[in-house]
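**Q** What follows is my_file21.cif, mmCIF, C-alpha atoms.
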data_final
loop_
_atom_site.label_atom_id
_atom_site.label_comp_id
_atom_site.auth_asym_id
_atom_site.auth_seq_id
_atom_site.Cartn_x
_atom_site.Cartn_y
_atom_site.Cartn_z
CA MET Z 1 -3.37 60.45 -1.13
CA ASN Z 2 -4.23 59.90 -4.81
CA LYS Z 3 -7.84 58.98 -5.41
CA LYS Z 4 -8.64 55.93 -7.54
CA GLU Z 5 -11.12 57.34 -10.01
CA PHE Z 6 -13.12 55.64 -12.75
CA ARG Z 7 -11.24 55.38 -16.05
CA THR Z 8 -12.76 54.80 -19.47
CA LEU Z 9 -11.37 52.01 -21.65
CA ASP Z 10 -9.46 54.57 -23.75
CA GLU Z 11 -7.95 56.06 -20.58
CA GLN Z 12 -7.01 52.60 -19.30
CA VAL Z 13 -5.19 51.79 -22.55
CA ASN Z 14 -3.42 55.16 -22.52
CA ILE Z 15 -2.20 54.62 -18.95
CA MET Z 16 -0.58 51.36 -20.07
CA ILE Z 17 0.93 52.96 -23.16
CA ASN Z 18 2.36 55.80 -21.05
CA LYS Z 19 4.00 53.16 -18.86
CA GLY Z 20 5.79 51.80 -21.93
CA LEU Z 21 3.44 48.95 -22.87
CA LYS Z 22 3.12 48.28 -26.59
CA VAL Z 23 -0.53 47.83 -27.65
CA ASN Z 24 -0.70 46.37 -31.15
CA ASP Z 25 -4.48 46.13 -31.41
CA ILE Z 26 -6.20 48.84 -29.36
CA ASP Z 27 -9.74 47.63 -30.06
CA LYS Z 28 -8.87 44.10 -28.99
CA ALA Z 29 -7.14 45.39 -25.88
CA LYS Z 30 -10.18 47.46 -24.94
CA ASP Z 31 -12.45 44.46 -25.43
CA ILE Z 32 -10.25 42.34 -23.14
CA LEU Z 33 -10.11 45.07 -20.48
CA PHE Z 34 -13.89 45.40 -20.62
CA ARG Z 35 -14.44 41.65 -20.18
CA GLU Z 36 -11.63 40.85 -17.77
CA ASN Z 37 -11.24 44.04 -15.70
CA TYR Z 38 -8.34 46.49 -15.97
CA PHE Z 39 -7.53 46.17 -12.25
CA PHE Z 40 -6.86 42.43 -12.44
CA ILE Z 41 -4.90 42.47 -15.68
CA ASN Z 42 -2.85 45.42 -14.41
CA GLY Z 43 -2.06 43.30 -11.35
CA TYR Z 44 0.23 41.14 -13.50
CA ARG Z 45 2.53 43.93 -14.63
CA SER Z 46 5.30 43.40 -12.06
CA LEU Z 47 6.86 40.51 -14.01
CA PHE Z 48 7.39 42.88 -16.93
CA TYR Z 49 8.39 45.96 -14.91
CA THR Z 50 11.75 47.65 -14.60
CA LYS Z 51 12.99 49.15 -11.32
CA ASP Z 52 11.59 52.54 -12.28
CA ARG Z 53 8.10 51.02 -12.66
CA LYS Z 54 8.05 51.12 -16.42
CA PHE Z 55 7.43 48.18 -18.74
CA ILE Z 56 10.51 46.46 -20.13
CA ASN Z 57 11.18 47.82 -23.60
CA GLY Z 58 9.12 45.94 -26.16
CA THR Z 59 6.62 44.43 -23.73
CA THR Z 60 3.27 43.96 -25.44
CA PHE Z 61 -0.28 43.90 -24.13
CA GLU Z 62 -0.50 40.37 -25.53
CA GLU Z 63 2.33 39.26 -23.22
CA LEU Z 64 0.66 40.84 -20.21
CA TYR Z 65 -2.61 39.15 -21.08
CA SER Z 66 -0.80 35.84 -21.61
CA LEU Z 67 0.41 35.99 -18.00
CA PHE Z 68 -3.15 36.72 -16.89
CA LEU Z 69 -4.34 33.62 -18.80
CA PHE Z 70 -1.42 31.57 -17.47
CA ASP Z 71 -2.45 32.36 -13.91
CA ARG Z 72 -6.08 31.50 -14.69
CA ASN Z 73 -5.05 28.12 -16.12
CA LEU Z 74 -2.74 27.58 -13.17
CA ARG Z 75 -5.55 28.31 -10.69
CA ASN Z 76 -7.80 25.79 -12.42
CA ILE Z 77 -5.14 23.09 -12.25
CA LEU Z 78 -4.29 23.77 -8.62
CA PHE Z 79 -7.94 23.91 -7.63
CA LYS Z 80 -8.67 20.56 -9.28
CA TYR Z 81 -5.93 18.72 -7.41
CA ILE Z 82 -6.46 20.49 -4.10
CA LEU Z 83 -10.08 19.30 -4.32
CA VAL Z 84 -8.81 15.73 -4.77
CA PHE Z 85 -6.90 16.04 -1.51
CA GLU Z 86 -9.81 17.83 0.17
CA ASN Z 87 -12.08 14.90 -0.58
CA ASN Z 88 -9.43 12.47 0.70
CA ILE Z 89 -8.80 14.24 4.00
CA LYS Z 90 -12.53 14.65 4.63
CA SER Z 91 -13.04 10.94 4.07
CA ILE Z 92 -10.13 9.95 6.32
CA ILE Z 93 -11.12 12.28 9.17
CA SER Z 94 -14.76 11.21 9.07
CA TYR Z 95 -13.79 7.53 9.01
CA GLN Z 96 -11.38 7.80 11.95
CA LEU Z 97 -13.70 9.86 14.13
CA SER Z 98 -16.81 7.84 13.31
CA LYS Z 99 -14.99 4.59 14.07
CA LYS Z 100 -13.80 5.87 17.42
CA TYR Z 101 -16.62 8.11 18.64
CA GLY Z 102 -19.76 7.11 16.77
CA TYR Z 103 -21.67 8.14 13.67
CA LYS Z 104 -24.40 10.39 15.07
CA GLU Z 105 -23.71 14.09 15.62
CA LYS Z 106 -24.49 13.83 19.33
CA ASP Z 107 -21.64 11.30 19.53
CA TYR Z 108 -18.95 12.66 17.22
CA LEU Z 109 -19.53 16.30 18.28
CA ASN Z 110 -19.20 15.54 21.99
CA PRO Z 111 -16.67 18.06 23.42
CA LYS Z 112 -14.98 15.18 25.29
CA ASN Z 113 -13.74 13.85 21.94
CA PHE Z 114 -11.48 16.85 21.37
CA ASN Z 115 -8.44 18.53 22.89
CA GLN Z 116 -9.08 18.78 26.62
CA ASP Z 117 -6.52 21.51 27.32
CA ILE Z 118 -8.38 24.31 29.12
CA LYS Z 119 -6.59 26.83 26.88
CA GLU Z 120 -8.21 25.21 23.85
CA LYS Z 121 -11.76 25.12 25.23
CA ARG Z 122 -12.91 28.27 23.43
CA ARG Z 123 -11.51 27.04 20.12
CA VAL Z 124 -13.12 23.61 20.59
CA ASP Z 125 -16.49 25.16 21.41
CA ASP Z 126 -16.20 27.48 18.39
CA VAL Z 127 -15.55 24.64 15.93
CA ILE Z 128 -18.35 22.49 17.35
CA TYR Z 129 -20.69 25.50 17.09
CA LYS Z 130 -19.71 26.04 13.45
CA MET Z 131 -20.31 22.38 12.61
CA ASN Z 132 -23.72 22.38 14.29
CA ARG Z 133 -24.51 25.58 12.42
CA GLN Z 134 -23.71 23.87 9.13
CA ILE Z 135 -26.09 21.08 10.07
CA ARG Z 136 -28.84 23.65 10.69
CA ILE Z 137 -28.12 25.73 7.59
CA ASN Z 138 -27.26 23.06 5.01
CA GLY Z 139 -29.06 20.07 6.49
CA GLU Z 140 -32.16 20.56 4.37
CA LYS Z 141 -30.43 22.15 1.36
CA HIS Z 142 -27.97 19.40 0.43
CA THR Z 143 -29.49 16.23 -1.04
CA ALA Z 144 -27.45 13.78 1.02
CA THR Z 145 -27.87 15.56 4.36
CA PHE Z 146 -31.58 16.10 3.73
CA HIS Z 147 -32.03 12.38 3.05
CA TYR Z 148 -30.44 11.42 6.37
CA ILE Z 149 -32.31 14.04 8.39
CA THR Z 150 -35.63 13.02 6.84
CA LYS Z 151 -35.18 9.27 7.02
CA TYR Z 152 -32.86 8.72 10.01
CA HIS Z 153 -33.07 12.02 11.94
CA TYR Z 154 -29.28 12.38 12.15
CA ILE Z 155 -26.36 13.16 9.82
CA PRO Z 156 -23.32 10.86 9.94
CA LEU Z 157 -19.98 12.61 9.80
CA TRP Z 158 -19.06 11.05 6.45
CA ILE Z 159 -22.09 12.88 5.01
CA LEU Z 160 -21.67 16.10 6.97
CA VAL Z 161 -18.11 16.64 5.72
CA LYS Z 162 -19.52 17.17 2.23
CA VAL Z 163 -20.99 20.50 3.32
CA LEU Z 164 -18.05 21.58 5.49
CA SER Z 165 -15.57 24.03 4.01
CA PHE Z 166 -11.90 23.14 3.74
CA GLY Z 167 -11.21 25.90 6.22
CA LEU Z 168 -13.51 24.29 8.78
CA ILE Z 169 -11.91 20.89 8.18
CA ASN Z 170 -8.57 22.57 8.88
CA GLU Z 171 -9.99 23.91 12.16
CA LEU Z 172 -11.49 20.52 13.02
CA TYR Z 173 -8.14 18.78 12.64
CA GLY Z 174 -6.56 21.45 14.83
CA ILE Z 175 -8.80 20.65 17.81
CA LEU Z 176 -8.50 16.86 17.67
CA LYS Z 177 -6.73 14.98 20.43
CA GLU Z 178 -3.06 14.36 19.69
CA GLU Z 179 -3.58 10.62 19.21
CA ASP Z 180 -6.31 11.27 16.62
CA GLN Z 181 -4.19 13.84 14.80
CA LYS Z 182 -1.33 11.35 14.70
CA GLU Z 183 -3.50 8.53 13.39
CA ILE Z 184 -4.68 10.70 10.51
CA ALA Z 185 -1.20 12.09 9.78
CA ASP Z 186 0.24 8.54 9.79
CA PHE Z 187 -1.80 7.79 6.69
CA TYR Z 188 0.19 10.47 4.88
CA LYS Z 189 3.46 9.30 6.44
CA MET Z 190 4.10 12.63 8.10
CA SER Z 191 3.98 14.22 11.53
CA SER Z 192 0.78 15.79 12.82
CA ASP Z 193 2.64 19.11 13.14
CA ASP Z 194 3.52 19.03 9.44
CA LEU Z 195 -0.04 18.13 8.49
CA LYS Z 196 -1.34 21.09 10.52
CA VAL Z 197 0.92 23.46 8.59
CA TYR Z 198 0.09 21.82 5.26
CA LEU Z 199 -3.65 22.14 5.85
CA GLN Z 200 -3.24 25.86 6.56
CA LEU Z 201 -1.28 26.45 3.38
CA LEU Z 202 -3.61 24.29 1.26
CA SER Z 203 -6.62 26.12 2.65
CA ASN Z 204 -5.02 29.46 1.81
CA TYR Z 205 -4.32 28.50 -1.80
CA ARG Z 206 -7.73 26.87 -2.19
CA ASN Z 207 -9.39 30.16 -1.25
CA LEU Z 208 -7.23 32.09 -3.71
CA CYS Z 209 -8.18 29.69 -6.50
CA ALA Z 210 -11.87 29.72 -5.63
CA HIS Z 211 -11.99 33.54 -5.66
CA GLU Z 212 -9.80 34.00 -8.75
CA ASP Z 213 -7.09 35.92 -6.95
CA ILE Z 214 -3.52 36.16 -8.28
CA VAL Z 215 -1.83 32.86 -7.46
CA TYR Z 216 1.49 32.57 -9.29
CA GLU Z 217 3.45 35.03 -7.11
CA HIS Z 218 1.52 34.54 -3.86
CA ARG Z 219 3.42 34.07 -0.60
CA THR Z 220 1.76 32.69 2.51
CA GLN Z 221 2.46 33.75 6.07
CA THR Z 222 2.89 30.06 6.90
CA TYR Z 223 6.22 28.38 6.11
CA ILE Z 224 6.55 24.63 5.65
CA GLY Z 225 9.44 22.77 7.25
CA ASP Z 226 12.52 21.63 5.35
CA THR Z 227 11.90 18.41 3.46
CA TYR Z 228 13.73 15.66 1.67
CA TYR Z 229 12.61 17.23 -1.61
CA HIS Z 230 14.37 20.52 -0.90
CA SER Z 231 17.71 18.75 -0.57
CA ARG Z 232 17.19 16.31 -3.46
CA LEU Z 233 16.35 19.18 -5.81
CA ASN Z 234 19.42 21.10 -4.62
CA ILE Z 235 17.41 24.19 -3.80
CA PRO Z 236 19.91 26.91 -2.79
CA LYS Z 237 20.12 28.36 0.70
CA ASN Z 238 20.63 31.93 1.85
CA ASP Z 239 23.31 33.20 4.24
CA LEU Z 240 21.23 32.03 7.20
CA GLY Z 241 21.16 28.49 5.87
CA GLU Z 242 17.47 28.70 4.88
CA TYR Z 243 16.11 27.35 1.62
CA THR Z 244 15.24 30.17 -0.75
CA LYS Z 245 12.41 28.34 -2.55
CA GLY Z 246 9.66 25.95 -1.62
CA LYS Z 247 8.94 27.35 1.84
CA ASN Z 248 5.96 29.73 1.62
CA ASP Z 249 5.60 30.08 -2.14
CA LEU Z 250 3.81 28.14 -4.85
CA PHE Z 251 6.50 25.48 -4.96
CA ALA Z 252 5.84 24.81 -1.27
CA LEU Z 253 2.34 23.83 -2.39
CA ILE Z 254 3.86 21.51 -5.01
CA ILE Z 255 5.97 19.84 -2.31
CA ILE Z 256 2.87 19.35 -0.17
CA LEU Z 257 0.85 17.85 -3.02
CA LYS Z 258 3.73 15.48 -3.74
CA GLN Z 259 3.23 14.06 -0.27
CA VAL Z 260 -0.57 13.87 -0.18
CA LEU Z 261 -1.52 12.78 -3.72
CA GLN Z 262 -1.07 9.32 -5.17
CA ALA Z 263 1.90 9.06 -7.53
CA ASP Z 264 -0.13 8.79 -10.74
CA ARG Z 265 -2.28 11.77 -9.79
CA PHE Z 266 0.76 13.84 -8.89
CA LYS Z 267 2.44 12.98 -12.19
CA GLU Z 268 -0.67 14.14 -14.08
CA PHE Z 269 -0.66 17.31 -12.00
CA ILE Z 270 2.96 18.21 -12.79
CA GLN Z 271 2.49 17.44 -16.47
CA GLU Z 272 -0.45 19.85 -16.57
CA ILE Z 273 1.65 22.50 -14.83
CA ASN Z 274 4.44 21.95 -17.34
CA THR Z 275 2.02 22.34 -20.26
CA CYS Z 276 0.83 25.57 -18.69
CA PHE Z 277 4.42 26.87 -18.64
CA ASP Z 278 4.99 25.79 -22.26
CA MET Z 279 1.90 27.62 -23.47
CA PHE Z 280 2.96 30.83 -21.72
CA ASN Z 281 6.51 30.54 -23.02
CA MET Z 282 5.18 30.50 -26.59
CA HIS Z 283 3.73 33.99 -26.14
CA ILE Z 284 6.60 35.89 -24.50
CA ASN Z 285 9.62 37.59 -26.04
CA THR Z 286 10.76 40.26 -23.58
CA ILE Z 287 11.52 37.99 -20.60
CA GLU Z 288 12.91 34.49 -20.07
CA ILE Z 289 10.73 31.76 -18.58
CA ASN Z 290 13.22 31.50 -15.70
CA LYS Z 291 12.04 34.88 -14.47
CA LEU Z 292 8.57 33.41 -14.03
CA TYR Z 293 10.02 30.36 -12.25
CA ASN Z 294 11.80 32.62 -9.77
CA LYS Z 295 8.68 34.71 -9.18
CA MET Z 296 6.80 31.52 -8.33
CA GLY Z 297 9.56 29.97 -6.21
CA PHE Z 298 10.09 27.15 -8.73
CA PRO Z 299 13.56 25.66 -9.25
CA GLU Z 300 14.41 25.10 -12.91
CA ASN Z 301 14.51 21.34 -12.29
CA TYR Z 302 11.03 21.29 -10.73
CA MET Z 303 9.95 18.38 -12.98
CA ASP Z 304 12.47 16.13 -11.21
CA ILE Z 305 10.23 16.01 -8.14
CA VAL Z 306 8.03 13.49 -9.97
CA ASP Z 307 10.75 10.85 -9.92
CA ILE Z 308 11.96 11.43 -6.36
CA ARG Z 309 10.79 8.57 -4.19
CA GLY Z 310 8.26 9.49 -1.53
CA GLY Z 311 4.60 10.27 -1.10
CA LEU Z 312 1.64 7.95 -0.59
CA ASP Z 313 2.69 5.20 -3.00
CA GLU Z 314 6.19 4.66 -1.57
#
Kindly present the structure from the file in structure tokens form.
**A**
Amino acid sequence: MNKKEFRTLDEQVNIMINKGLKVNDIDKAKDILFRENYFFINGYRSLFYTKDRKFINGTTFEELYSLFLFDRNLRNILFKYILVFENNIKSIISYQLSKKYGYKEKDYLNPKNFNQDIKEKRRVDDVIYKMNRQIRINGEKHTATFHYITKYHYIPLWILVKVLSFGLINELYGILKEEDQKEIADFYKMSSDDLKVYLQLLSNYRNLCAHEDIVYEHRTQTYIGDTYYHSRLNIPKNDLGEYTKGKNDLFALIIILKQVLQADRFKEFIQEINTCFDMFNMHINTIEINKLYNKMGFPENYMDIVDIRGGLDE
């Protein structure tokens, strides 16, 4: 096994040059590698690689760095709009559960409020434990929760959700009774099964964005079901009759956000994504923008999804 040893900036640049990358300004390249980290920038090379793991002839360091910046901009856009949905789903869940079970933690965290299947008991207990733990840990750290603990000696769910992670909200939805899952999913005009899958995928991408991981070519282990948008966009199918895009890739996330964001917000979102593509396209010469679309799971007509009827405002 080859050991991954420390490399100086000069060695890092030479490795890239030996792989066929054209470095026009070595000092600038070294400065970027020092600030941004060779490992992460090198992680974007696959889009510019040939089958023999060499850079396509003529590929420049500037193009590689442009993809790095594209992914950073993309993460920021995705994160912003996932947070919009996160706030929405937290509000809806807290409203529905508080209305039905009460607004004090001893009421809304009663195990009787959740899935009563004996097979789910451990999962229910685990989620309730995690929520109580957040009350203990964050109760006196967060301004809103501290106010309620100090003045009222309890934290209503609509306040508690502010300190719950998206991942824990995902788990909370998963242990709700079927009728409560359905009532929440009905707001989004979808089945509770679809919302479960969507929450998993959204949580996965949210974590990638929050930790600055590579997003543009990411594939999740979770696949979303076939939708109206797949057929309207004429996304091709493989020999097994399965859609080749928009299932567990970044475009699957776009399809989800189409269904959970209000139309004006979604339109803003897609326009920002399109601007991101345009900016990247201005800095590349060795590949076509379609190669990036394919890597991301985007159909060329992805902008058409804005005008397809559906989502919250339909």
**Q** Translate the PyMOL selection byres ((chain Z and resi 212-219) around 12) into a concrete residue list for this structure, as an NGL selection string.
**A** :Z and (36 or 39-47 or 67-79 or 201 or 204-211 or 220-224 or 245-253 or 273 or 276-277 or 291-298)
**Q** Mind giving me the straight-line distance from atom CA of Ile235 of chain Z to atom CA of Met303 of chain Z in Å, one decimal?
**A**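 Atom CA of Met303 of chain Z lies 13.2 Å from atom CA of Ile235 of chain Z.
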**Q** State, in Å with one decimal place, the distance from atom CA of Asn138 of chain Z to atom CA of Asp180 of chain Z.
**A**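 Spanning atom CA of Asn138 of chain Z to atom CA of Asp180 of chain Z is a straight-line distance of 26.7 Å.
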**Q** Can you turn the PyMOL selection byres ((chain Z and resi 48) around 12) into a concrete residue list for this file, as number ranges by chain?
**A** Z: 19-22, 42-47, 49-67, 284-289, 291-292, 295
**Q** Z:Phe34, Z:Asn88, Z:Glu183, Z:Ile169: which is nearest Lys100 of chain Z, counting all atoms listed in the file?
**A**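 Comparing Z:Phe34, Z:Asn88, Z:Glu183, Z:Ile169 against Lys100 of chain Z, the winner is Z:Glu183.
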**Q** Mind giving me the straight-line distance from atom CA of Ile255 of chain Z to atom CA of Asp193 of chain Z in Å, one decimal?
**A**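 Atom-to-atom, atom CA of Ile255 of chain Z and atom CA of Asp193 of chain Z are spaced 15.8 Å apart.
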**Q** What would the selection look like, as a ChimeraX atom specification, if the PyMOL selection byres ((chain Z and resi 144) around 10) were run on the coordinates I just shared?
**A** /Z:139-143,145-149,155,159-160,162-163
**Q** Z:Phe266, Z:Trp158, Z:Phe6, Z:Tyr243: which is nearest Gly310 of chain Z, counting all atoms listed in the file?
**A**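 Counting all atoms listed in the file, the residue closest to Gly310 of chain Z is Z:Phe266.
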**Q** Between Z:Asp25, Z:Asp264, Z:Glu86, Z:Asp307, which residue has the minimum interatomic distance to Ser165 of chain Z, considering all atoms listed in the file?
**A** Z:Glu86
**Q** Within 6 Å of (-6.2, 24.4, 7.1), in the coordinates the file gives, what residues turn up when you count all atoms listed in the file, written out as a list in words?
**A**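 Final list of nearby residues, as requested, is Gly167, Asn170, Leu199, Gln200 and Ser203 of chain Z.
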**Q** Store the residues of this selection in a file with C-alpha atoms, as a PDB file, in the coordinates of the input.
**A**
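As written to disk, again_5.pdb reads:
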ATOM      1  CA  GLY Z 167     -11.210  25.900   6.220  1.00  0.00           C
ATOM      2  CA  ASN Z 170      -8.570  22.570   8.880  1.00  0.00           C
ATOM      3  CA  LEU Z 199      -3.650  22.140   5.850  1.00  0.00           C
ATOM      4  CA  GLN Z 200      -3.240  25.860   6.560  1.00  0.00           C
ATOM      5  CA  SER Z 203      -6.620  26.120   2.650  1.00  0.00           C
TER       6      SER Z 203
END
**Q** Using all atoms listed in the file, which of the listed residues (Z:Val13, Z:Val23, Z:Val84, Z:Leu157) sits closest to Gln262 of chain Z?
**A** Z:Val84
**Q** Return the padded bounding box of segment 61-80 of chain Z as AutoDock Vina command-line options: axis-aligned, built from all atoms listed in the file, 4 Å added on each side, with centre and edge lengths in Å to one decimal.
**A**
--center_x -3.2 --center_y 32.2 --center_z -16.6 --size_x 19.0 --size_y 31.3 --size_z 25.9
